[in-house]
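Reproduced below: entry05.txt, with compact mmCIF, C-alpha atoms and all ligand atoms.
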# COMPACT_ATOMS: atom_id res chain seq x y z
CA MET A 1 23.55 11.24 -4.77
CA LYS A 2 20.46 13.12 -5.98
CA GLU A 3 16.98 11.81 -6.50
CA MET A 4 16.13 10.93 -10.12
CA ILE A 5 12.43 11.43 -10.79
CA ARG A 6 10.74 10.55 -14.09
CA ASN A 7 6.95 10.65 -14.57
CA ASN A 8 6.27 10.60 -10.81
CA ILE A 9 8.55 7.58 -10.35
CA CYS A 10 11.78 7.90 -8.40
CA ILE A 11 14.16 5.57 -10.19
CA ASN A 12 16.86 5.51 -7.54
CA ALA A 13 16.92 5.26 -3.75
CA HIS A 14 19.29 6.29 -0.99
CA PRO A 15 20.12 3.29 1.23
CA LYS A 16 20.59 5.14 4.53
CA GLY A 17 17.65 7.45 3.83
CA CYS A 18 15.39 4.45 3.28
CA GLY A 19 16.61 3.09 6.60
CA LEU A 20 15.76 6.40 8.23
CA TYR A 21 12.27 6.27 6.72
CA VAL A 22 11.64 2.89 8.36
CA GLN A 23 13.20 4.05 11.61
CA LYS A 24 10.74 6.96 11.81
CA ALA A 25 7.77 4.63 11.33
CA VAL A 26 9.22 2.32 13.98
CA SER A 27 9.59 5.21 16.45
CA ALA A 28 5.97 6.22 15.92
CA VAL A 29 4.72 2.75 16.95
CA LYS A 30 7.22 2.42 19.79
CA LYS A 31 5.74 5.52 21.44
CA LYS A 32 2.46 3.68 21.92
CA ASP A 33 1.46 1.00 24.42
CA ARG A 34 1.61 -2.62 23.35
CA PHE A 35 -1.68 -4.33 22.53
CA LEU A 36 -2.82 -7.93 22.43
CA GLY A 37 -2.82 -8.65 18.72
CA PRO A 38 -1.56 -11.17 16.17
CA LYS A 39 1.32 -13.48 17.00
CA ASN A 40 2.40 -14.80 13.59
CA VAL A 41 1.82 -12.66 10.53
CA LEU A 42 2.33 -13.16 6.81
CA VAL A 43 2.50 -9.88 4.88
CA ILE A 44 2.25 -10.19 1.10
CA GLY A 45 3.61 -6.90 -0.24
CA CYS A 46 5.70 -6.15 2.84
CA SER A 47 8.47 -3.83 1.67
CA THR A 48 6.79 -0.44 1.22
CA GLY A 49 3.53 1.44 1.76
CA TYR A 50 0.69 -0.18 3.65
CA GLY A 51 2.29 -3.65 3.79
CA LEU A 52 5.49 -2.42 5.43
CA ALA A 53 3.42 -0.30 7.82
CA THR A 54 1.30 -3.29 8.84
CA ARG A 55 4.41 -5.38 9.42
CA ILE A 56 5.90 -2.70 11.66
CA ALA A 57 2.64 -2.18 13.57
CA ALA A 58 2.13 -5.92 14.13
CA HIS A 59 5.70 -6.63 15.20
CA LEU A 60 6.24 -3.63 17.45
CA GLY A 61 2.66 -3.18 18.61
CA SER A 62 1.89 -6.76 19.54
CA GLY A 63 5.23 -8.55 19.36
CA ALA A 64 4.26 -10.60 16.28
CA LYS A 65 6.75 -12.66 14.34
CA THR A 66 6.44 -11.74 10.68
CA LEU A 67 7.18 -13.33 7.33
CA GLY A 68 7.18 -10.97 4.36
CA VAL A 69 6.85 -11.32 0.61
CA ALA A 70 7.99 -8.56 -1.74
CA TYR A 71 9.40 -8.11 -5.21
CA GLU A 72 12.21 -5.60 -5.09
CA LYS A 73 15.35 -4.82 -7.04
CA ALA A 74 18.76 -5.39 -5.46
CA PRO A 75 21.57 -2.93 -6.28
CA THR A 76 23.65 -3.89 -9.30
CA GLY A 77 26.92 -2.21 -10.27
CA LYS A 78 26.36 1.52 -9.92
CA ARG A 79 22.57 1.25 -9.89
CA THR A 80 20.90 1.57 -6.54
CA GLY A 81 18.42 -1.01 -5.34
CA SER A 82 14.75 -0.04 -5.18
CA ALA A 83 13.41 1.87 -2.18
CA GLY A 84 11.59 -1.26 -1.02
CA TRP A 85 14.79 -3.27 -1.22
CA TYR A 86 16.49 -0.94 1.24
CA ALA A 87 13.46 -0.49 3.48
CA ASP A 88 13.17 -4.25 3.77
CA LEU A 89 16.89 -4.68 4.41
CA TYR A 90 16.73 -2.15 7.22
CA TYR A 91 13.64 -3.83 8.66
CA ARG A 92 15.35 -7.21 8.82
CA GLU A 93 18.64 -5.82 10.11
CA ALA A 94 17.41 -3.32 12.66
CA VAL A 95 13.81 -4.06 13.55
CA GLU A 96 13.14 -7.80 13.44
CA PRO A 97 16.42 -9.64 12.92
CA GLN A 98 14.83 -13.11 12.99
CA ALA A 99 12.38 -12.24 10.24
CA THR A 100 12.53 -13.52 6.67
CA THR A 101 11.43 -11.77 3.51
CA LEU A 102 10.92 -13.80 0.37
CA ASN A 103 11.91 -11.58 -2.54
CA MET A 104 9.83 -13.44 -5.11
CA ASP A 105 6.89 -13.00 -7.44
CA ALA A 106 3.90 -13.41 -5.11
CA PHE A 107 1.70 -14.43 -8.04
CA SER A 108 3.73 -17.60 -8.64
CA HIS A 109 3.07 -21.05 -7.17
CA GLU A 110 6.75 -21.22 -6.14
CA CYS A 111 6.40 -18.19 -3.90
CA LYS A 112 3.32 -19.58 -2.17
CA GLN A 113 5.14 -22.88 -1.57
CA ALA A 114 8.23 -21.06 -0.24
CA ALA A 115 6.03 -19.10 2.19
CA ILE A 116 4.33 -22.30 3.37
CA ASP A 117 7.71 -23.99 3.92
CA GLU A 118 8.96 -20.98 5.88
CA ILE A 119 5.80 -20.80 8.03
CA LYS A 120 6.12 -24.52 8.86
CA LYS A 121 9.76 -24.05 9.76
CA THR A 122 9.55 -20.93 11.89
CA MET A 123 5.96 -20.32 13.00
CA GLY A 124 3.87 -23.45 12.61
CA THR A 125 0.79 -21.45 11.64
CA VAL A 126 -0.08 -17.82 10.96
CA ASP A 127 -2.99 -15.98 12.56
CA LEU A 128 -2.99 -12.92 10.28
CA VAL A 129 -2.47 -12.79 6.51
CA ILE A 130 -2.20 -9.35 4.94
CA TYR A 131 -2.59 -9.00 1.18
CA SER A 132 -1.09 -5.64 0.23
CA LEU A 133 0.15 -6.04 -3.31
CA ALA A 134 0.24 -3.19 -5.80
CA SER A 135 1.53 -4.36 -9.14
CA GLY A 136 1.25 -3.38 -12.77
CA VAL A 137 1.72 -6.88 -14.12
CA ARG A 138 0.84 -10.45 -13.25
CA ILE A 139 1.88 -13.67 -14.91
CA ASP A 140 -0.87 -16.24 -14.47
CA PRO A 141 0.87 -19.13 -12.68
CA ASP A 142 -1.04 -21.80 -14.63
CA SER A 143 -1.37 -20.43 -18.17
CA GLY A 144 1.83 -18.34 -18.19
CA VAL A 145 -0.14 -15.44 -19.74
CA ARG A 146 1.20 -12.00 -18.79
CA TYR A 147 -1.48 -9.47 -17.81
CA THR A 148 -0.85 -5.73 -17.58
CA SER A 149 -3.12 -3.42 -15.60
CA ALA A 150 -4.32 -0.06 -16.92
CA LEU A 151 -5.35 3.10 -15.05
CA LYS A 152 -8.19 4.23 -17.27
CA PRO A 153 -11.78 5.39 -17.12
CA ILE A 154 -14.55 3.19 -18.45
CA GLY A 155 -17.04 4.37 -21.10
CA SER A 156 -15.89 7.94 -21.68
CA PRO A 157 -12.61 9.87 -21.47
CA TYR A 158 -11.42 11.39 -18.19
CA THR A 159 -10.26 14.99 -18.33
CA SER A 160 -9.08 16.84 -15.27
CA GLN A 161 -6.51 19.14 -13.84
CA GLY A 162 -3.57 17.47 -12.23
CA VAL A 163 -0.22 18.10 -10.72
CA ASP A 164 3.01 16.20 -10.99
CA ILE A 165 4.88 15.19 -7.87
CA LEU A 166 7.12 18.27 -8.23
CA GLY A 167 4.09 20.57 -8.02
CA ASN A 168 3.70 21.55 -11.69
CA LEU A 169 0.09 21.86 -12.82
CA THR A 170 -0.82 19.56 -15.72
CA GLN A 171 -3.86 18.70 -17.78
CA ILE A 172 -4.93 15.06 -17.65
CA HIS A 173 -6.76 13.41 -20.49
CA VAL A 174 -7.17 9.63 -20.51
CA GLU A 175 -9.09 7.74 -23.16
CA PRO A 176 -11.45 5.00 -21.94
CA ALA A 177 -10.22 1.45 -21.47
CA THR A 178 -10.94 -1.36 -23.89
CA ASP A 179 -12.73 -4.47 -22.61
CA GLU A 180 -9.41 -6.28 -22.68
CA GLU A 181 -7.76 -3.62 -20.51
CA ILE A 182 -10.57 -3.90 -17.98
CA GLU A 183 -10.24 -7.67 -17.89
CA HIS A 184 -6.44 -7.50 -17.55
CA THR A 185 -6.61 -4.98 -14.70
CA ILE A 186 -8.99 -7.26 -12.81
CA LYS A 187 -6.59 -10.16 -13.38
CA VAL A 188 -3.70 -8.16 -11.91
CA MET A 189 -5.29 -6.13 -9.09
CA GLY A 190 -8.48 -8.10 -8.42
CA GLY A 191 -8.87 -10.79 -5.80
CA GLU A 192 -8.00 -13.98 -7.70
CA ASP A 193 -4.48 -14.16 -6.31
CA TRP A 194 -5.65 -13.39 -2.75
CA GLU A 195 -7.99 -16.37 -3.03
CA LEU A 196 -5.18 -18.57 -4.40
CA TRP A 197 -2.97 -17.60 -1.46
CA ILE A 198 -5.59 -18.48 1.14
CA ARG A 199 -6.44 -21.76 -0.59
CA ALA A 200 -2.75 -22.73 -0.68
CA LEU A 201 -2.27 -21.83 3.01
CA LEU A 202 -5.44 -23.74 3.98
CA GLU A 203 -4.46 -26.84 2.03
CA ALA A 204 -1.04 -26.80 3.67
CA GLY A 205 -2.63 -26.50 7.13
CA VAL A 206 -0.68 -23.39 8.08
CA LEU A 207 -3.59 -21.11 9.05
CA SER A 208 -4.34 -21.00 12.76
CA PRO A 209 -7.95 -21.78 13.84
CA GLN A 210 -8.88 -18.12 14.27
CA ALA A 211 -6.89 -16.75 11.38
CA LEU A 212 -7.81 -13.39 9.92
CA THR A 213 -7.01 -12.31 6.41
CA LEU A 214 -7.22 -8.79 5.09
CA ALA A 215 -6.79 -7.21 1.65
CA TYR A 216 -6.53 -3.47 1.08
CA SER A 217 -8.80 -1.38 -1.09
CA TYR A 218 -9.59 2.24 -1.89
CA ILE A 219 -12.72 4.16 -2.82
CA GLY A 220 -11.83 7.86 -2.85
CA PRO A 221 -13.66 11.12 -3.56
CA GLU A 222 -15.97 12.38 -6.31
CA VAL A 223 -13.12 14.21 -8.07
CA THR A 224 -11.19 11.04 -8.85
CA LYS A 225 -14.21 8.75 -9.16
CA ASP A 226 -14.46 8.61 -12.95
CA LEU A 227 -10.83 7.60 -13.20
CA TYR A 228 -10.42 5.52 -10.05
CA ARG A 229 -13.46 3.87 -8.50
CA ASN A 230 -15.54 3.86 -11.70
CA GLY A 231 -12.50 3.04 -13.80
CA THR A 232 -10.44 -0.08 -14.46
CA ILE A 233 -8.79 -0.14 -11.05
CA GLY A 234 -12.17 0.31 -9.36
CA ARG A 235 -13.43 -2.77 -11.20
CA ALA A 236 -10.44 -4.68 -9.88
CA LYS A 237 -11.16 -3.44 -6.35
CA GLU A 238 -14.81 -4.53 -6.68
CA ASP A 239 -13.56 -7.97 -7.66
CA LEU A 240 -11.19 -8.03 -4.67
CA GLU A 241 -13.94 -6.93 -2.28
CA SER A 242 -16.43 -9.46 -3.67
CA ARG A 243 -14.06 -12.34 -2.90
CA ALA A 244 -13.83 -11.77 0.84
CA LYS A 245 -17.02 -13.77 1.50
CA ALA A 246 -15.91 -16.72 -0.64
CA ILE A 247 -12.54 -16.72 1.10
CA GLU A 248 -14.20 -16.71 4.51
CA THR A 249 -16.50 -19.56 3.44
CA SER A 250 -13.48 -21.56 2.31
CA MET A 251 -12.17 -21.26 5.87
CA THR A 252 -15.18 -23.22 7.24
CA ASN A 253 -13.10 -25.76 9.10
CA LEU A 254 -11.57 -22.85 10.99
CA SER A 255 -13.34 -19.95 12.62
CA GLY A 256 -11.32 -17.63 10.41
CA LYS A 257 -12.49 -14.37 8.89
CA ALA A 258 -11.71 -12.42 5.72
CA PHE A 259 -12.12 -8.68 5.33
CA VAL A 260 -11.26 -5.88 3.02
CA SER A 261 -9.96 -2.74 4.67
CA VAL A 262 -10.61 0.45 2.72
CA ASN A 263 -7.60 2.58 3.56
CA LYS A 264 -7.00 6.31 3.35
CA ALA A 265 -5.20 7.92 0.41
CA VAL A 266 -1.50 8.30 1.19
CA VAL A 267 1.66 8.92 -0.79
CA THR A 268 3.17 5.60 -1.87
CA ARG A 269 4.97 4.41 -4.97
CA ALA A 270 1.66 2.97 -6.21
CA SER A 271 -0.51 6.04 -5.58
CA SER A 272 1.98 8.60 -6.97
CA VAL A 273 1.55 7.30 -10.51
CA ILE A 274 -2.26 7.55 -10.56
CA PRO A 275 -3.19 10.70 -12.52
CA SER A 276 -4.94 13.34 -10.37
CA VAL A 277 -4.05 11.54 -7.12
CA PRO A 278 -1.04 13.78 -6.23
CA LEU A 279 -3.29 16.83 -6.67
CA TYR A 280 -6.05 15.32 -4.57
CA LEU A 281 -3.51 14.25 -1.94
CA SER A 282 -2.09 17.75 -1.66
CA LEU A 283 -5.56 19.20 -0.95
CA LEU A 284 -6.50 16.35 1.36
CA TYR A 285 -3.26 16.59 3.36
CA ARG A 286 -3.77 20.32 3.87
CA VAL A 287 -7.30 19.78 5.19
CA MET A 288 -6.56 16.72 7.34
CA LYS A 289 -3.40 18.23 8.81
CA SER A 290 -5.36 21.34 9.79
CA LYS A 291 -7.93 19.12 11.51
CA ASN A 292 -5.23 17.01 13.14
CA THR A 293 -6.61 13.85 11.53
CA HIS A 294 -3.82 13.26 9.02
CA GLU A 295 -2.22 9.81 9.19
CA GLU A 296 0.64 8.31 7.25
CA CYS A 297 0.75 4.58 6.45
CA VAL A 298 1.99 3.46 9.85
CA GLY A 299 -0.55 5.53 11.77
CA GLN A 300 -3.36 4.00 9.72
CA MET A 301 -2.17 0.44 10.13
CA ASP A 302 -1.52 0.83 13.83
CA ARG A 303 -5.09 2.11 14.26
CA LEU A 304 -6.41 -0.72 12.07
CA LEU A 305 -4.81 -3.41 14.23
CA ARG A 306 -5.21 -1.75 17.60
CA GLU A 307 -8.70 -0.24 17.32
CA LYS A 308 -10.50 -2.30 14.67
CA LEU A 309 -9.11 -5.83 14.44
CA TYR A 310 -7.85 -6.54 17.96
CA SER A 311 -9.80 -4.18 20.19
CA GLY A 312 -11.63 -7.08 21.85
CA SER A 313 -15.00 -5.92 20.41
CA ASP A 314 -16.69 -6.97 17.17
CA ILE A 315 -14.81 -5.78 14.11
CA PRO A 316 -16.74 -2.75 12.80
CA VAL A 317 -17.72 -3.03 9.13
CA ASP A 318 -19.89 -1.14 6.63
CA GLU A 319 -22.88 -2.59 4.79
CA HIS A 320 -20.49 -4.37 2.37
CA ASN A 321 -18.54 -5.97 5.20
CA ARG A 322 -15.57 -3.63 4.68
CA ILE A 323 -13.50 -2.04 7.43
CA ARG A 324 -13.46 1.70 6.76
CA MET A 325 -10.06 3.12 7.62
CA ASP A 326 -10.89 5.96 5.21
CA ASP A 327 -13.54 7.18 7.68
CA TRP A 328 -11.65 10.37 8.53
CA GLU A 329 -10.73 11.05 4.88
CA MET A 330 -14.29 10.58 3.64
CA SER A 331 -16.03 12.49 6.42
CA PRO A 332 -18.25 15.20 4.88
CA ASP A 333 -16.47 18.03 6.69
CA VAL A 334 -13.19 17.02 5.02
CA GLN A 335 -14.60 16.23 1.59
CA GLU A 336 -16.62 19.47 1.34
CA ILE A 337 -13.50 21.59 1.89
CA VAL A 338 -11.46 19.48 -0.54
CA ALA A 339 -14.19 19.92 -3.20
CA GLU A 340 -14.26 23.70 -2.63
CA LYS A 341 -10.49 23.89 -2.93
CA TRP A 342 -10.58 21.76 -6.10
CA LYS A 343 -12.74 24.45 -7.76
CA THR A 344 -10.06 27.10 -7.14
CA ILE A 345 -7.20 25.18 -8.76
CA GLY A 346 -5.58 27.36 -11.39
CA ASP A 347 -6.92 30.57 -9.81
CA LEU A 348 -4.93 30.34 -6.60
CA PRO A 349 -1.35 29.11 -6.19
CA LEU A 350 -1.30 25.44 -5.21
CA SER A 351 0.96 26.20 -2.26
CA GLU A 352 -1.89 28.32 -0.88
CA ILE A 353 -4.67 25.73 -1.15
CA GLY A 354 -2.79 22.46 -0.87
CA ASP A 355 0.15 20.79 0.83
CA ILE A 356 2.13 19.88 -2.26
CA ASP A 357 5.35 20.35 -0.28
CA GLY A 358 4.15 17.79 2.28
CA VAL A 359 3.28 15.34 -0.49
CA TYR A 360 6.63 15.84 -2.22
CA THR A 361 8.58 15.52 1.02
CA GLU A 362 6.84 12.25 1.85
CA PHE A 363 7.57 11.00 -1.66
CA LEU A 364 11.26 11.92 -1.27
CA HIS A 365 11.48 10.38 2.19
CA MET A 366 10.13 7.01 1.11
CA HIS A 367 12.96 6.88 -1.43
CA GLY A 368 15.50 7.96 1.17
CA PHE A 369 15.90 11.56 -0.02
CA GLY A 370 15.15 14.94 1.52
CA TYR A 371 16.49 14.25 5.03
CA PRO A 372 18.50 17.19 6.43
CA SER A 373 20.55 14.76 8.54
CA ILE A 374 21.99 13.02 5.45
CA ASP A 375 24.81 14.55 3.44
CA TYR A 376 23.78 13.65 -0.09
CA SER A 377 27.09 14.85 -1.56
CA LEU A 378 28.98 11.92 0.01
CA ASP A 379 29.73 8.65 -1.78
CA VAL A 380 27.18 5.99 -0.98
CA ASP A 381 27.73 2.34 -0.11
CA LEU A 382 24.88 0.77 -2.07
CA GLN A 383 24.76 -2.24 0.24
CA ALA A 384 24.51 -0.46 3.60
CA VAL A 385 21.34 0.93 5.12
CA ARG A 386 22.96 2.00 8.39
P1 LIG A 401 3.29 0.03 -2.62
O1 LIG A 401 3.68 0.20 -4.03
O2 LIG A 401 3.90 0.92 -1.60
O3 LIG A 401 3.58 -1.50 -2.13
C1 LIG A 401 3.37 -2.58 -2.97
C2 LIG A 401 4.03 -3.82 -2.39
O4 LIG A 401 3.74 -4.93 -3.27
C3 LIG A 401 5.56 -3.74 -2.30
O5 LIG A 401 5.99 -4.41 -1.13
C4 LIG A 401 6.04 -4.56 -3.51
O6 LIG A 401 7.32 -5.16 -3.37
C5 LIG A 401 4.96 -5.62 -3.54
N1 LIG A 401 4.83 -6.27 -4.86
C6 LIG A 401 4.45 -5.74 -6.03
N2 LIG A 401 4.42 -6.70 -6.98
C7 LIG A 401 4.76 -7.86 -6.37
C8 LIG A 401 4.91 -9.21 -6.81
N3 LIG A 401 4.67 -9.57 -8.07
N4 LIG A 401 5.30 -10.13 -5.90
C9 LIG A 401 5.56 -9.80 -4.60
N5 LIG A 401 5.42 -8.54 -4.13
C10 LIG A 401 5.04 -7.59 -5.02
O7 LIG A 401 1.70 0.10 -2.60
P2 LIG A 401 0.60 0.56 -1.53
O8 LIG A 401 0.13 1.90 -1.92
O9 LIG A 401 1.06 0.29 -0.15
O10 LIG A 401 -0.57 -0.43 -1.91
C11 LIG A 401 -0.82 -1.65 -1.22
C12 LIG A 401 -2.32 -1.91 -1.27
O11 LIG A 401 -3.00 -0.87 -0.56
C13 LIG A 401 -2.90 -1.91 -2.69
O12 LIG A 401 -3.88 -2.88 -2.80
C14 LIG A 401 -3.50 -0.52 -2.80
O13 LIG A 401 -4.56 -0.45 -3.75
C15 LIG A 401 -4.02 -0.34 -1.39
N6 LIG A 401 -4.31 1.05 -1.02
C16 LIG A 401 -3.42 2.03 -1.24
C17 LIG A 401 -3.76 3.35 -0.93
C18 LIG A 401 -2.80 4.50 -1.19
O14 LIG A 401 -3.23 5.66 -1.14
N7 LIG A 401 -1.54 4.24 -1.43
C19 LIG A 401 -5.00 3.64 -0.34
C20 LIG A 401 -5.88 2.59 -0.08
C21 LIG A 401 -5.53 1.30 -0.43

Kindly transcribe the structure held in the file into structure tokens.
Amino acid sequence: MKEMIRNNICINAHPKGCGLYVQKAVSAVKKKDRFLGPKNVLVIGCSTGYGLATRIAAHLGSGAKTLGVAYEKAPTGKRTGSAGWYADLYYREAVEPQATTLNMDAFSHECKQAAIDEIKKTMGTVDLVIYSLASGVRIDPDSGVRYTSALKPIGSPYTSQGVDILGNLTQIHVEPATDEEIEHTIKVMGGEDWELWIRALLEAGVLSPQALTLAYSYIGPEVTKDLYRNGTIGRAKEDLESRAKAIETSMTNLSGKAFVSVNKAVVTRASSVIPSVPLYLSLLYRVMKSKNTHEECVGQMDRLLREKLYSGSDIPVDEHNRIRMDDWEMSPDVQEIVAEKWKTIGDLPLSEIGDIDGVYTEFLHMHGFGYPSIDYSLDVDLQAVR
């Protein structure tokens, strides 16, 4: 079986390779000492990227029981399941056999109720709730209206150099978003659903007295600012970040806390489709790897839990009450070199200035491809991750 990539999306996945991807993340956490962290964790968006990494770090780092929510495609006929389907299957088979994943639309009332029922049955309460959804669409659970997010600049067009995931240079031109597209993106990727989740969990009495909840955000560099942070998705992230205080206030009967963690740019299914991000990632990876500060998802989330949330000291935050896991990415000595390299794109081969091979390999790995230990010419059992 070969990878099938269209527009920076890999439309198939290799079951055993996806298992191997999870196994590698598991091994990275197992090498470290245990820490005193969360005991019962709900991860919304648990099957890939930062959500899966947090689940692994919490379970293996501090022995937490986890409940996951994801929305993944099972294999049908000759079509493979999605990468997240296999990663989650491997997680439940090989890493935490008692764990449950609800494969449901997290935006729906039914999913929230199913999570509450499961928490009552198996955990009683949860002390950490991670909100790590990345979705292009959301159906409002009350009105039934379907909202679609857009990745667009606001006010004026965005034009930039780019690169596809295979390393081919491209020109990016994106027209500005309409007011409706801005509003829809906020509906999908803003904080409304995070707030609904916490309200539902509070009303059901399944948050422990000192519960923490965390949602993930991104800021990023100057070179992607007009498209990302000042664009539609940035507006959604501002909305998400602005809701942390209201969420914390709603937890008044508990001594709970709500934070946004601004994470580092990494290769995930969600980030690969953002124009100019693969190019930025390739430059960033080259610089951070040379400085020995590069982290993949699991390294970031292990550091988040171990050193920021459960270190025993006050949780360090910036002036907007955000935890800055992008501290190493955004440090001036990294960003200055990335900006210099950006100016040379087109003049020098990308392989010389960036780590496009590293980005592509990570992209392949998360879909189960590119592992020398797997013989991709063999027939594949679409149901078996081991
Ligand atoms: P991802 O695509 O790897 O994971 C998204 C998860 O959401 C998957 O588990 C998927 O199954 C789940 N999901 C999507 N729609 C769902 C639905 N309707 N119901 C239930 N589950 C659903 O994405 P990621 O890159 O890990 O992003 C997670 C969060 O981290 C996002 O908020 C993103 O903005 C943020 N973040 C990402 C980066 C990055 O570089 N990738 C950097 C900083 C912050």

### Task
Calculate how many Å separate CA of Ile233 in chain A from CA of Gly190 in chain A, rounding to one decimal.
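It comes out at 8.4 Å.
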
### Message
Show me which residues line ligand LIG 401 (chain A), defined as having an atom within 7 Å of a ligand atom where all atoms listed in the file count, and present them as a ChimeraX atom specification.
### Response
/A:44-52,69-72,84,103-107,132-135,138,215-218,262-271

Please tabulate, as a tab-separated table, the residues of range 220-285 of chain A that come within 10 Å of range 318-331 of chain A, each with its closest pair of atoms and the distance in Å to one decimal, counting all atoms listed in the file and ordering rows by chain, then residue number upward.
residue	atom	partner	partner_atom	distance
A:Gly220	CA	A:Met330	CA	7.5
A:Pro221	CA	A:Met330	CA	7.2
A:Glu241	CA	A:Arg322	CA	7.9
A:Ser242	CA	A:His320	CA	8.9
A:Ala244	CA	A:Asn321	CA	8.7
A:Lys245	CA	A:Asn321	CA	8.8
A:Ala258	CA	A:Asn321	CA	9.4
A:Phe259	CA	A:Arg322	CA	6.2
A:Val260	CA	A:Arg322	CA	5.1
A:Ser261	CA	A:Ile323	CA	4.5
A:Val262	CA	A:Arg324	CA	5.1
A:Asn263	CA	A:Met325	CA	4.8
A:Lys264	CA	A:Asp326	CA	4.3
A:Ala265	CA	A:Asp326	CA	7.7
A:Leu284	CA	A:Glu329	CA	7.6
A:Tyr285	CA	A:Glu329	CA	9.4

### Query
So which residues touch Gly191 in chain A within 9 Å, counting only C-alpha atoms, skipping near sequence neighbours fewer than 3 positions away, as a PyMOL selection string?
chain A and resi 186-188+194-196+215+236-244

How close does each residue of range 64-135 of chain A get to range 298-305 of chain A, giving the shortest atom pair and distance in Å to one decimal for every residue with an atom at most 12 Å away, counting all atoms listed in the file, sorted by chain and residue number, as JSON lines?
{"residue": "A:Ala64", "atom": "CA", "partner": "A:Leu305", "partner_atom": "CA", "distance": 11.8}
{"residue": "A:Leu128", "atom": "CA", "partner": "A:Leu305", "partner_atom": "CA", "distance": 10.5}
{"residue": "A:Ile130", "atom": "CA", "partner": "A:Met301", "partner_atom": "CA", "distance": 11.1}
{"residue": "A:Ser132", "atom": "CA", "partner": "A:Met301", "partner_atom": "CA", "distance": 11.7}

#### Entry: Expected residue set, 12 Å radius at (13.0, 8.4, 7.4), all atoms listed in the file, as a VMD selection string
chain A and resid 14 to 28 83 86 to 87 90 361 to 374 385 to 386

Atoms to include: C-alpha atoms. Write the selected residues as a PDB file, keeping the file's coordinate frame.
ATOM      1  CA  HIS A  14      19.290   6.290  -0.990  1.00  0.00           C
ATOM      2  CA  PRO A  15      20.120   3.290   1.230  1.00  0.00           C
ATOM      3  CA  LYS A  16      20.590   5.140   4.530  1.00  0.00           C
ATOM      4  CA  GLY A  17      17.650   7.450   3.830  1.00  0.00           C
ATOM      5  CA  CYS A  18      15.390   4.450   3.280  1.00  0.00           C
ATOM      6  CA  GLY A  19      16.610   3.090   6.600  1.00  0.00           C
ATOM      7  CA  LEU A  20      15.760   6.400   8.230  1.00  0.00           C
ATOM      8  CA  TYR A  21      12.270   6.270   6.720  1.00  0.00           C
ATOM      9  CA  VAL A  22      11.640   2.890   8.360  1.00  0.00           C
ATOM     10  CA  GLN A  23      13.200   4.050  11.610  1.00  0.00           C
ATOM     11  CA  LYS A  24      10.740   6.960  11.810  1.00  0.00           C
ATOM     12  CA  ALA A  25       7.770   4.630  11.330  1.00  0.00           C
ATOM     13  CA  VAL A  26       9.220   2.320  13.980  1.00  0.00           C
ATOM     14  CA  SER A  27       9.590   5.210  16.450  1.00  0.00           C
ATOM     15  CA  ALA A  28       5.970   6.220  15.920  1.00  0.00           C
ATOM     16  CA  ALA A  83      13.410   1.870  -2.180  1.00  0.00           C
ATOM     17  CA  TYR A  86      16.490  -0.940   1.240  1.00  0.00           C
ATOM     18  CA  ALA A  87      13.460  -0.490   3.480  1.00  0.00           C
ATOM     19  CA  TYR A  90      16.730  -2.150   7.220  1.00  0.00           C
ATOM     20  CA  THR A 361       8.580  15.520   1.020  1.00  0.00           C
ATOM     21  CA  GLU A 362       6.840  12.250   1.850  1.00  0.00           C
ATOM     22  CA  PHE A 363       7.570  11.000  -1.660  1.00  0.00           C
ATOM     23  CA  LEU A 364      11.260  11.920  -1.270  1.00  0.00           C
ATOM     24  CA  HIS A 365      11.480  10.380   2.190  1.00  0.00           C
ATOM     25  CA  MET A 366      10.130   7.010   1.110  1.00  0.00           C
ATOM     26  CA  HIS A 367      12.960   6.880  -1.430  1.00  0.00           C
ATOM     27  CA  GLY A 368      15.500   7.960   1.170  1.00  0.00           C
ATOM     28  CA  PHE A 369      15.900  11.560  -0.020  1.00  0.00           C
ATOM     29  CA  GLY A 370      15.150  14.940   1.520  1.00  0.00           C
ATOM     30  CA  TYR A 371      16.490  14.250   5.030  1.00  0.00           C
ATOM     31  CA  PRO A 372      18.500  17.190   6.430  1.00  0.00           C
ATOM     32  CA  SER A 373      20.550  14.760   8.540  1.00  0.00           C
ATOM     33  CA  ILE A 374      21.990  13.020   5.450  1.00  0.00           C
ATOM     34  CA  VAL A 385      21.340   0.930   5.120  1.00  0.00           C
ATOM     35  CA  ARG A 386      22.960   2.000   8.390  1.00  0.00           C
TER      36      ARG A 386
END

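Minimum distance to Asp314 in chain A across A:Thr66, A:His294, A:Lys257, A:Ser143 (counting all atoms listed in the file) occurs at A:Lys257.
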
### Message
Give me, as a count of residues only, all polymer residues having an atom no more than 12 Å from range 166-172 of chain A, counting only C-alpha atoms and skipping those fewer than 4 positions away in the same chain.
### Response
46

#### Entry: Given only C-alpha atoms as the counted atoms, nearest of A:Ile353, A:Leu151, A:Leu42, A:Ala57 to Leu102 in chain A
A:Leu42

### Task
Using all atoms listed in the file, determine which residues lie at most 9 Å from range 310-313 of chain A, disregarding the query and same-chain residues fewer than 2 positions distant; provide the list as JSON, numbers by chain.
{"A": [35, 36, 37, 38, 304, 305, 306, 307, 308, 315, 316]}

### Message
Tell me which residues come within 8 Å of (9.5, -2.5, 16.9), as number ranges by chain, counting only C-alpha atoms in the file's coordinates.
### Response
A: 26-27, 29-30, 56-57, 59-61, 63, 95-96

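Proximity of A:Val334, A:Thr80, A:Asp375, A:Trp342 to Val163 in chain A, computed with only C-alpha atoms, is greatest for A:Trp342.
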